[in-house]
Amino acid sequence: MQQAQRAARLLAGLHPDLLISSDLQRAARTAAELSQVTGLEVHHHEGLRETYAGEWQGLTNAEIRARFPEQYEAWAQGEPVRRGGGELSTEVADRSVPVVLEAVQKLPENGTLVVVSHGGTIRTMLGRLLGLDPELWECFGGLSNCCWSVLGRGARGWRLLEHNAGTLPQPVIGDDT
């Protein structure tokens, strides 16, 4: 909760206009912290839930390797795998990205949207929004607890400005400035 409170204080400095969140407990609690600081209502969406991993749910990495060695190896090699019979990464993007794009449409000009979700789901959203092939989505490292990624509109679409950030974004002189 301390991590969520710290993140909320920092993200409030971005003056967000809209706050959407997974309806799962950890994300919802994190979003509630930002809501408390900003006064924004949290809009919960099932589409922002973490990847459903079927029979892998709740298992440690060692347990998954022991019970599903072939499936784990294929997944580790980047093959599209229904981990434990669950969702493919592309299916997670299919359900989460429309939620984000719908929220973006509700923003005022130059508005800020905060999306509170889960690491795997965020990775798929980033990959899809940036137009990367799904086999490249794993190039995004994981997100630490209560850290974030920052996307902005560039001349040619979405741009990743920061990833796994724990501080406010700083302006960078680049090809869009």
# chains A, B, ... in the order shown; residues from 1 in each chain; ligands from 1
>>> residues_around(residues="Val97 of chain A", least_positions_apart="2", cutoff="9 Å", atoms="only C-alpha atoms", output="list in words")
Gly47, Leu48, Val92, Ala93, Asp94, Arg95, Val99, Val100, Leu101, Glu102, Thr124, Met125, Leu126, Arg128 and Leu129 of chain A
>>> residues_around(residues="Asp17 of chain A", least_positions_apart="2", cutoff="8 Å", atoms="only C-alpha atoms", output="PyMOL selection string")
chain A and resi 15+19+40+107-108+111-113
>>> residues_around(residues="Arg153 of chain A", least_positions_apart="5", cutoff="10 Å", atoms="only C-alpha atoms", output="PDB file with all heavy atoms, in the first residue's frame")
ATOM      1  N   ASN A 110      -5.067  17.119 -25.279  1.00  0.00           N
ATOM      2  CA  ASN A 110      -3.842  17.018 -24.473  1.00  0.00           C
ATOM      3  C   ASN A 110      -4.093  16.459 -23.069  1.00  0.00           C
ATOM      4  O   ASN A 110      -3.325  16.725 -22.146  1.00  0.00           O
ATOM      5  CB  ASN A 110      -3.118  18.364 -24.382  1.00  0.00           C
ATOM      6  CG  ASN A 110      -2.684  18.846 -25.743  1.00  0.00           C
ATOM      7  OD1 ASN A 110      -2.134  18.071 -26.530  1.00  0.00           O
ATOM      8  ND2 ASN A 110      -2.952  20.106 -26.034  1.00  0.00           N
ATOM      9  N   TRP A 158       1.583   6.211 -31.617  1.00  0.00           N
ATOM     10  CA  TRP A 158       1.990   6.132 -30.222  1.00  0.00           C
ATOM     11  C   TRP A 158       3.495   5.954 -30.121  1.00  0.00           C
ATOM     12  O   TRP A 158       4.104   5.273 -30.934  1.00  0.00           O
ATOM     13  CB  TRP A 158       1.296   4.958 -29.530  1.00  0.00           C
ATOM     14  CG  TRP A 158      -0.168   5.153 -29.358  1.00  0.00           C
ATOM     15  CD1 TRP A 158      -1.159   4.565 -30.091  1.00  0.00           C
ATOM     16  CD2 TRP A 158      -0.816   6.000 -28.413  1.00  0.00           C
ATOM     17  NE1 TRP A 158      -2.383   5.002 -29.645  1.00  0.00           N
ATOM     18  CE2 TRP A 158      -2.199   5.876 -28.622  1.00  0.00           C
ATOM     19  CE3 TRP A 158      -0.355   6.856 -27.407  1.00  0.00           C
ATOM     20  CZ2 TRP A 158      -3.137   6.571 -27.860  1.00  0.00           C
ATOM     21  CZ3 TRP A 158      -1.293   7.549 -26.651  1.00  0.00           C
ATOM     22  CH2 TRP A 158      -2.655   7.395 -26.885  1.00  0.00           C
ATOM     23  N   ARG A 159       4.068   6.565 -29.078  1.00  0.00           N
ATOM     24  CA  ARG A 159       5.494   6.428 -28.777  1.00  0.00           C
ATOM     25  C   ARG A 159       5.650   6.040 -27.317  1.00  0.00           C
ATOM     26  O   ARG A 159       4.937   6.558 -26.461  1.00  0.00           O
ATOM     27  CB  ARG A 159       6.218   7.753 -28.997  1.00  0.00           C
ATOM     28  CG  ARG A 159       6.210   8.184 -30.454  1.00  0.00           C
ATOM     29  CD  ARG A 159       7.061   9.380 -30.655  1.00  0.00           C
ATOM     30  NE  ARG A 159       8.440   8.988 -30.356  1.00  0.00           N
ATOM     31  CZ  ARG A 159       9.455   9.818 -30.406  1.00  0.00           C
ATOM     32  NH1 ARG A 159       9.270  11.067 -30.732  1.00  0.00           N
ATOM     33  NH2 ARG A 159      10.673   9.408 -30.128  1.00  0.00           N
ATOM     34  N   LEU A 160       6.605   5.173 -27.051  1.00  0.00           N
ATOM     35  CA  LEU A 160       6.937   4.816 -25.675  1.00  0.00           C
ATOM     36  C   LEU A 160       7.929   5.844 -25.169  1.00  0.00           C
ATOM     37  O   LEU A 160       9.045   5.940 -25.670  1.00  0.00           O
ATOM     38  CB  LEU A 160       7.540   3.411 -25.609  1.00  0.00           C
ATOM     39  CG  LEU A 160       7.916   2.923 -24.215  1.00  0.00           C
ATOM     40  CD1 LEU A 160       6.691   2.806 -23.309  1.00  0.00           C
ATOM     41  CD2 LEU A 160       8.635   1.582 -24.315  1.00  0.00           C
ATOM     42  N   LEU A 161       7.515   6.627 -24.185  1.00  0.00           N
ATOM     43  CA  LEU A 161       8.359   7.686 -23.641  1.00  0.00           C
ATOM     44  C   LEU A 161       9.146   7.208 -22.429  1.00  0.00           C
ATOM     45  O   LEU A 161      10.276   7.646 -22.215  1.00  0.00           O
ATOM     46  CB  LEU A 161       7.507   8.901 -23.276  1.00  0.00           C
ATOM     47  CG  LEU A 161       6.661   9.471 -24.425  1.00  0.00           C
ATOM     48  CD1 LEU A 161       5.790  10.614 -23.922  1.00  0.00           C
ATOM     49  CD2 LEU A 161       7.535   9.905 -25.580  1.00  0.00           C
ATOM     50  N   ASP A 176      10.499  14.506 -32.424  1.00  0.00           N
ATOM     51  CA  ASP A 176       9.156  15.075 -32.460  1.00  0.00           C
ATOM     52  C   ASP A 176       9.103  16.463 -31.812  1.00  0.00           C
ATOM     53  O   ASP A 176       8.043  17.027 -31.647  1.00  0.00           O
ATOM     54  CB  ASP A 176       8.158  14.158 -31.744  1.00  0.00           C
ATOM     55  CG  ASP A 176       7.666  13.046 -32.637  1.00  0.00           C
ATOM     56  OD1 ASP A 176       8.063  13.027 -33.830  1.00  0.00           O
ATOM     57  OD2 ASP A 176       6.900  12.206 -32.157  1.00  0.00           O
TER      58      ASP A 176
END
>>> residues_around(residues="segment 135-151 of chain A", least_positions_apart="2", cutoff="6 Å", atoms="only C-alpha atoms", output="ChimeraX atom specification")
/A:3-4,119,127,133,159-166
>>> write_last_selection(atoms="N, CA and C atoms", output="PDB file, in the first residue's frame")
ATOM      1  N   GLN A   3       3.699   1.587  -1.542  1.00  0.00           N
ATOM      2  CA  GLN A   3       4.113   1.789  -2.929  1.00  0.00           C
ATOM      3  C   GLN A   3       2.997   2.476  -3.719  1.00  0.00           C
ATOM      4  N   ALA A   4       1.775   2.034  -3.511  1.00  0.00           N
ATOM      5  CA  ALA A   4       0.636   2.621  -4.219  1.00  0.00           C
ATOM      6  C   ALA A   4       0.416   4.076  -3.803  1.00  0.00           C
ATOM      7  N   GLY A 119       1.133  -6.406 -15.097  1.00  0.00           N
ATOM      8  CA  GLY A 119       2.316  -6.418 -15.935  1.00  0.00           C
ATOM      9  C   GLY A 119       2.151  -7.085 -17.283  1.00  0.00           C
ATOM     10  N   GLY A 127       2.708  -3.372 -26.698  1.00  0.00           N
ATOM     11  CA  GLY A 127       3.072  -3.954 -27.984  1.00  0.00           C
ATOM     12  C   GLY A 127       2.066  -3.651 -29.073  1.00  0.00           C
ATOM     13  N   ASP A 133       5.062  -6.507 -33.709  1.00  0.00           N
ATOM     14  CA  ASP A 133       4.614  -7.882 -33.900  1.00  0.00           C
ATOM     15  C   ASP A 133       4.565  -8.574 -32.539  1.00  0.00           C
ATOM     16  N   ARG A 159       4.068   6.565 -29.078  1.00  0.00           N
ATOM     17  CA  ARG A 159       5.494   6.428 -28.777  1.00  0.00           C
ATOM     18  C   ARG A 159       5.650   6.040 -27.317  1.00  0.00           C
ATOM     19  N   LEU A 160       6.605   5.173 -27.051  1.00  0.00           N
ATOM     20  CA  LEU A 160       6.937   4.816 -25.675  1.00  0.00           C
ATOM     21  C   LEU A 160       7.929   5.844 -25.169  1.00  0.00           C
ATOM     22  N   LEU A 161       7.515   6.627 -24.185  1.00  0.00           N
ATOM     23  CA  LEU A 161       8.359   7.686 -23.641  1.00  0.00           C
ATOM     24  C   LEU A 161       9.146   7.208 -22.429  1.00  0.00           C
ATOM     25  N   GLU A 162       8.535   6.331 -21.628  1.00  0.00           N
ATOM     26  CA  GLU A 162       9.210   5.766 -20.456  1.00  0.00           C
ATOM     27  C   GLU A 162       8.613   4.397 -20.179  1.00  0.00           C
ATOM     28  N   HIS A 163       9.452   3.520 -19.592  1.00  0.00           N
ATOM     29  CA  HIS A 163       8.967   2.197 -19.219  1.00  0.00           C
ATOM     30  C   HIS A 163       9.568   1.820 -17.870  1.00  0.00           C
ATOM     31  N   ASN A 164       8.752   1.221 -17.026  1.00  0.00           N
ATOM     32  CA  ASN A 164       9.126   0.824 -15.674  1.00  0.00           C
ATOM     33  C   ASN A 164       9.619   2.031 -14.877  1.00  0.00           C
ATOM     34  N   ALA A 165       8.924   3.139 -15.072  1.00  0.00           N
ATOM     35  CA  ALA A 165       9.287   4.389 -14.415  1.00  0.00           C
ATOM     36  C   ALA A 165       8.722   4.424 -12.999  1.00  0.00           C
ATOM     37  N   GLY A 166       9.437   5.124 -12.153  1.00  0.00           N
ATOM     38  CA  GLY A 166       8.965   5.343 -10.787  1.00  0.00           C
ATOM     39  C   GLY A 166       9.074   6.808 -10.420  1.00  0.00           C
TER      40      GLY A 166
END
>>> closest_residue(among="A:Asn61, A:Gln71, A:Thr121, A:Thr51", to="Glu87 of chain A", atoms="only C-alpha atoms")
A:Thr51
>>> atom_distance(atom1="atom CA of Thr60 of chain A", atom2="atom CA of Arg82 of chain A")
17.0 Å
>>> select_by_dssp(residues="segment 20-105 of chain A", states="strand (DSSP E or B)", output="list of chain:residue names")
A:Ile20, A:Ser21, A:Ser22, A:Val42, A:His43, A:His44, A:His45
>>> write_last_selection(atoms="N, CA, C and O atoms", output="tab-separated table (two decimals), in the first residue's frame")
chain	number	residue	atom	x	y	z
A	20	ILE	N	-8.74	4.67	-15.33
A	20	ILE	CA	-9.37	3.38	-15.56
A	20	ILE	C	-8.49	2.30	-14.93
A	20	ILE	O	-7.29	2.45	-14.81
A	21	SER	N	-9.15	1.20	-14.54
A	21	SER	CA	-8.42	0.17	-13.81
A	21	SER	C	-9.03	-1.20	-14.06
A	21	SER	O	-10.24	-1.33	-14.29
A	22	SER	N	-8.18	-2.20	-13.93
A	22	SER	CA	-8.66	-3.58	-13.84
A	22	SER	C	-9.57	-3.65	-12.61
A	22	SER	O	-9.38	-2.91	-11.65
A	42	VAL	N	-12.78	6.12	-10.29
A	42	VAL	CA	-12.11	4.99	-10.95
A	42	VAL	C	-13.16	4.25	-11.78
A	42	VAL	O	-14.21	3.88	-11.27
A	43	HIS	N	-12.85	4.04	-13.04
A	43	HIS	CA	-13.71	3.27	-13.94
A	43	HIS	C	-13.08	1.89	-14.09
A	43	HIS	O	-12.01	1.76	-14.69
A	44	HIS	N	-13.73	0.87	-13.52
A	44	HIS	CA	-13.19	-0.50	-13.52
A	44	HIS	C	-13.64	-1.24	-14.78
A	44	HIS	O	-14.79	-1.11	-15.19
A	45	HIS	N	-12.71	-2.02	-15.34
A	45	HIS	CA	-12.99	-2.77	-16.56
A	45	HIS	C	-12.41	-4.18	-16.47
A	45	HIS	O	-11.22	-4.35	-16.18
>>> atom_distance(atom1="atom CA of Val116 of chain A", atom2="atom CA of Ala53 of chain A")
19.7 Å
>>> closest_residue(among="A:Pro134, A:Arg156, A:Ala103, A:Leu18", to="Glu79 of chain A", atoms="only C-alpha atoms")
A:Pro134
>>> select_by_dssp(residues="segment 39-177 of chain A", states="helix (DSSP H, G or I)", output="count of residues only")
58
>>> decode(residues="segment 114-130 of chain A", atoms="all heavy atoms", output="short mmCIF file (atom, residue, chain, number, x, y, z; two decimals), in the first residue's frame")
data_model
loop_
_atom_site.label_atom_id
_atom_site.label_comp_id
_atom_site.auth_asym_id
_atom_site.auth_seq_id
_atom_site.Cartn_x
_atom_site.Cartn_y
_atom_site.Cartn_z
N VAL A 114 -4.75 7.66 -17.00
CA VAL A 114 -3.98 6.71 -16.20
C VAL A 114 -4.71 5.37 -16.26
O VAL A 114 -5.91 5.29 -15.99
CB VAL A 114 -3.82 7.16 -14.73
CG1 VAL A 114 -3.14 6.07 -13.91
CG2 VAL A 114 -3.03 8.45 -14.65
N VAL A 115 -3.97 4.33 -16.66
CA VAL A 115 -4.49 2.97 -16.75
C VAL A 115 -3.79 2.14 -15.67
O VAL A 115 -2.57 2.05 -15.67
CB VAL A 115 -4.21 2.35 -18.14
CG1 VAL A 115 -4.74 0.92 -18.21
CG2 VAL A 115 -4.79 3.22 -19.26
N VAL A 116 -4.56 1.56 -14.77
CA VAL A 116 -3.99 0.71 -13.72
C VAL A 116 -4.36 -0.73 -14.06
O VAL A 116 -5.53 -1.08 -14.11
CB VAL A 116 -4.52 1.10 -12.33
CG1 VAL A 116 -3.86 0.24 -11.25
CG2 VAL A 116 -4.30 2.58 -12.06
N SER A 117 -3.33 -1.52 -14.33
CA SER A 117 -3.57 -2.90 -14.75
C SER A 117 -2.47 -3.79 -14.20
O SER A 117 -1.99 -3.56 -13.09
CB SER A 117 -3.64 -2.95 -16.29
OG SER A 117 -4.06 -4.22 -16.74
N HIS A 118 -2.08 -4.79 -14.95
CA HIS A 118 -1.15 -5.83 -14.51
C HIS A 118 -0.04 -5.96 -15.54
O HIS A 118 -0.24 -5.70 -16.72
CB HIS A 118 -1.89 -7.15 -14.32
CG HIS A 118 -3.15 -7.00 -13.53
ND1 HIS A 118 -3.17 -7.07 -12.15
CD2 HIS A 118 -4.42 -6.72 -13.91
CE1 HIS A 118 -4.40 -6.87 -11.73
NE2 HIS A 118 -5.18 -6.65 -12.77
N GLY A 119 1.13 -6.41 -15.10
CA GLY A 119 2.32 -6.42 -15.93
C GLY A 119 2.15 -7.08 -17.28
O GLY A 119 2.52 -6.52 -18.32
N GLY A 120 1.60 -8.29 -17.31
CA GLY A 120 1.42 -8.99 -18.58
C GLY A 120 0.45 -8.29 -19.50
O GLY A 120 0.67 -8.19 -20.71
N THR A 121 -0.61 -7.79 -18.94
CA THR A 121 -1.61 -7.07 -19.73
C THR A 121 -1.02 -5.77 -20.27
O THR A 121 -1.22 -5.42 -21.44
CB THR A 121 -2.87 -6.80 -18.89
OG1 THR A 121 -3.37 -8.05 -18.43
CG2 THR A 121 -3.94 -6.07 -19.69
N ILE A 122 -0.28 -5.07 -19.44
CA ILE A 122 0.35 -3.83 -19.89
C ILE A 122 1.32 -4.10 -21.02
O ILE A 122 1.37 -3.37 -22.02
CB ILE A 122 1.02 -3.10 -18.70
CG1 ILE A 122 -0.07 -2.60 -17.75
CG2 ILE A 122 1.91 -1.97 -19.20
CD1 ILE A 122 0.45 -2.11 -16.42
N ARG A 123 2.08 -5.18 -20.91
CA ARG A 123 3.03 -5.54 -21.97
C ARG A 123 2.30 -5.74 -23.30
O ARG A 123 2.74 -5.27 -24.34
CB ARG A 123 3.79 -6.81 -21.59
CG ARG A 123 4.78 -7.26 -22.64
CD ARG A 123 5.50 -8.53 -22.23
NE ARG A 123 6.39 -8.24 -21.12
CZ ARG A 123 6.45 -8.94 -20.01
NH1 ARG A 123 5.70 -10.01 -19.83
NH2 ARG A 123 7.29 -8.62 -19.05
N THR A 124 1.16 -6.44 -23.27
CA THR A 124 0.43 -6.68 -24.52
C THR A 124 -0.16 -5.37 -25.07
O THR A 124 -0.17 -5.17 -26.28
CB THR A 124 -0.69 -7.72 -24.35
OG1 THR A 124 -1.74 -7.21 -23.55
CG2 THR A 124 -0.16 -9.03 -23.79
N MET A 125 -0.64 -4.51 -24.17
CA MET A 125 -1.17 -3.22 -24.61
C MET A 125 -0.09 -2.38 -25.27
O MET A 125 -0.32 -1.78 -26.32
CB MET A 125 -1.79 -2.45 -23.44
CG MET A 125 -3.11 -3.01 -22.98
SD MET A 125 -3.92 -1.94 -21.75
CE MET A 125 -2.99 -2.30 -20.27
N LEU A 126 1.08 -2.33 -24.63
CA LEU A 126 2.18 -1.55 -25.21
C LEU A 126 2.53 -2.07 -26.59
O LEU A 126 2.67 -1.29 -27.54
CB LEU A 126 3.41 -1.62 -24.30
CG LEU A 126 3.35 -0.89 -22.97
CD1 LEU A 126 4.58 -1.22 -22.13
CD2 LEU A 126 3.20 0.60 -23.16
N GLY A 127 2.71 -3.37 -26.70
CA GLY A 127 3.07 -3.95 -27.98
C GLY A 127 2.07 -3.65 -29.07
O GLY A 127 2.43 -3.25 -30.19
N ARG A 128 0.79 -3.81 -28.76
CA ARG A 128 -0.26 -3.57 -29.76
C ARG A 128 -0.33 -2.08 -30.11
O ARG A 128 -0.39 -1.71 -31.29
CB ARG A 128 -1.59 -4.07 -29.21
CG ARG A 128 -2.82 -3.85 -30.06
CD ARG A 128 -2.92 -4.66 -31.34
NE ARG A 128 -2.82 -6.08 -31.23
CZ ARG A 128 -3.80 -6.93 -30.91
NH1 ARG A 128 -5.01 -6.47 -30.64
NH2 ARG A 128 -3.58 -8.23 -30.85
N LEU A 129 -0.32 -1.22 -29.11
CA LEU A 129 -0.43 0.22 -29.38
C LEU A 129 0.77 0.75 -30.16
O LEU A 129 0.63 1.67 -30.97
CB LEU A 129 -0.58 1.00 -28.07
CG LEU A 129 -1.94 0.83 -27.38
CD1 LEU A 129 -1.88 1.39 -25.96
CD2 LEU A 129 -3.05 1.50 -28.18
N LEU A 130 1.93 0.17 -29.94
CA LEU A 130 3.13 0.61 -30.65
C LEU A 130 3.28 -0.07 -32.01
O LEU A 130 4.23 0.23 -32.75
CB LEU A 130 4.37 0.35 -29.80
CG LEU A 130 4.43 1.18 -28.51
CD1 LEU A 130 5.56 0.70 -27.62
CD2 LEU A 130 4.54 2.66 -28.82
#
